[in-house]
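Heads up, the thing below is written out as structure tokens.
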Amino acid sequence: MRLFVAVMPPEDVIGTLAQEITELKKLPGADRLRWTGRPGWHFTLAFYGEVGEELLPELSDRLGRAARRTEPFPLALRGGGQFGRGKVLWTGADGD
């Protein structure tokens with residue numbers, strides 16, 4: 001299975017992002033795109049690609065330990081763009 005690690009933004013950030021996306025959907029050609037719903041919005045931290053199912057328990061344990069050791073930190077939405085021949089939109093993050 002294809003795996004990645006992500007951080008889910010808080011609801012106030014999702015709301016701000018939703019306002020921007022509403023404006024993007026008004027642009028010419030936007031109706032030809034497949035838009036991801038809010039539950040799919042995330043900040044990718046690491047992409048693992050194809051991972052064997054037998055590695056999931058250890059990977060989950062390690063990621064859980066790393067998450068517990070990490071203090072909350074502020075981020076702000078900054079910039080954006082597209083990749084995948086214009087099929088994927090992204091917004092950047094700024095902060096420590």
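Numbering starts fresh at 1 for the residues of each chain in the structure tokens, the chains themselves are lettered A, B, ... in the order given, and ligands are numbered from 1 as they appear.
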Gly79 in chain A surroundings by only C-alpha atoms, 9 Å radius, close-in-sequence under 5 positions cut, as a PDB file with C-alpha atoms, in the first residue's frame:
ATOM      1  CA  TRP A  90      -0.857  22.697  -2.773  1.00  0.00           C
ATOM      2  CA  THR A  91      -0.393  25.386  -0.180  1.00  0.00           C
ATOM      3  CA  GLY A  92       2.861  25.869   1.632  1.00  0.00           C
ATOM      4  CA  ALA A  93       3.505  26.186   5.323  1.00  0.00           C
TER       5      ALA A  93
END
Name the residues in contact with Arg2 in chain A at a cut-off of 7 Å, using only C-alpha atoms, excluding same-chain residues fewer than 5 positions from it; report them as a compact mmCIF listing (two decimals) with N, CA, C and O atoms, in the first residue's frame.
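Writing done, so here's selection.txt:
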# COMPACT_ATOMS: atom_id res chain seq x y z
N TYR A 48 6.17 7.66 1.89
CA TYR A 48 6.90 6.39 1.94
C TYR A 48 6.76 5.58 0.67
O TYR A 48 7.52 4.65 0.45
N GLY A 49 5.76 5.87 -0.13
CA GLY A 49 5.54 5.06 -1.32
C GLY A 49 4.95 3.71 -0.95
O GLY A 49 4.20 3.60 0.03
N GLU A 50 5.31 2.70 -1.70
CA GLU A 50 4.79 1.35 -1.44
C GLU A 50 5.46 0.76 -0.20
O GLU A 50 6.68 0.71 -0.11
N VAL A 51 4.64 0.32 0.75
CA VAL A 51 5.12 -0.27 2.00
C VAL A 51 4.40 -1.58 2.22
O VAL A 51 3.17 -1.66 2.09
Please identify the strand (DSSP E) residues within chain A (assignment by DSSP from backbone atoms) and present them as a ChimeraX atom specification. /A:2-7,43-50,76-83,88-94
Can you pull out every residue within 12 Å of Ala67 in chain A, counting only C-alpha atoms, but drop anything in the same chain fewer than 5 positions away, and send it as a list of chain:residue names?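 Returned residues: A:Val5, A:Ala6, A:Val7, A:Leu45, A:Ser60, A:Asp61, A:Arg62, A:Pro72, A:Phe73.
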Output N, CA, C and O atoms for every residue in that selection, as a CSV table (one decimal), in the first residue's frame.
chain,number,residue,atom,x,y,z
A,5,VAL,N,2.9,10.2,5.7
A,5,VAL,CA,2.6,10.8,7.1
A,5,VAL,C,2.2,12.2,6.9
A,5,VAL,O,2.8,13.0,6.1
A,6,ALA,N,1.1,12.6,7.6
A,6,ALA,CA,0.6,13.9,7.4
A,6,ALA,C,0.1,14.5,8.8
A,6,ALA,O,-0.1,13.8,9.7
A,7,VAL,N,0.0,15.8,8.8
A,7,VAL,CA,-0.6,16.5,9.9
A,7,VAL,C,-1.9,17.1,9.4
A,7,VAL,O,-2.0,17.7,8.3
A,45,LEU,N,4.1,15.2,5.5
A,45,LEU,CA,5.4,15.4,6.2
A,45,LEU,C,6.4,14.4,5.5
A,45,LEU,O,7.6,14.7,5.4
A,60,SER,N,3.9,2.2,12.7
A,60,SER,CA,2.9,2.9,13.5
A,60,SER,C,3.5,3.2,14.9
A,60,SER,O,3.3,4.3,15.4
A,61,ASP,N,4.2,2.2,15.5
A,61,ASP,CA,4.8,2.5,16.8
A,61,ASP,C,5.8,3.6,16.8
A,61,ASP,O,5.8,4.5,17.6
A,62,ARG,N,6.7,3.6,15.8
A,62,ARG,CA,7.7,4.6,15.7
A,62,ARG,C,7.1,6.0,15.5
A,62,ARG,O,7.5,7.0,16.1
A,72,PRO,N,3.6,20.8,20.3
A,72,PRO,CA,2.8,21.6,19.3
A,72,PRO,C,3.7,22.7,18.8
A,72,PRO,O,4.5,23.3,19.5
A,73,PHE,N,3.5,23.1,17.5
A,73,PHE,CA,4.3,24.2,16.9
A,73,PHE,C,3.4,25.0,16.0
A,73,PHE,O,2.5,24.4,15.3
Would you work out the distance separating CA of Arg38 in chain A from CA of Ile14 in chain A, expressed in Å to one decimal?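 Rounded to one decimal, the two atoms are 7.3 Å apart.
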Go ahead and compute the interatomic distance for CA of Leu77 in chain A and CA of Leu17 in chain A, in Å to one decimal.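 Going from CA of Leu77 in chain A over to CA of Leu17 in chain A, I get 8.4 Å.
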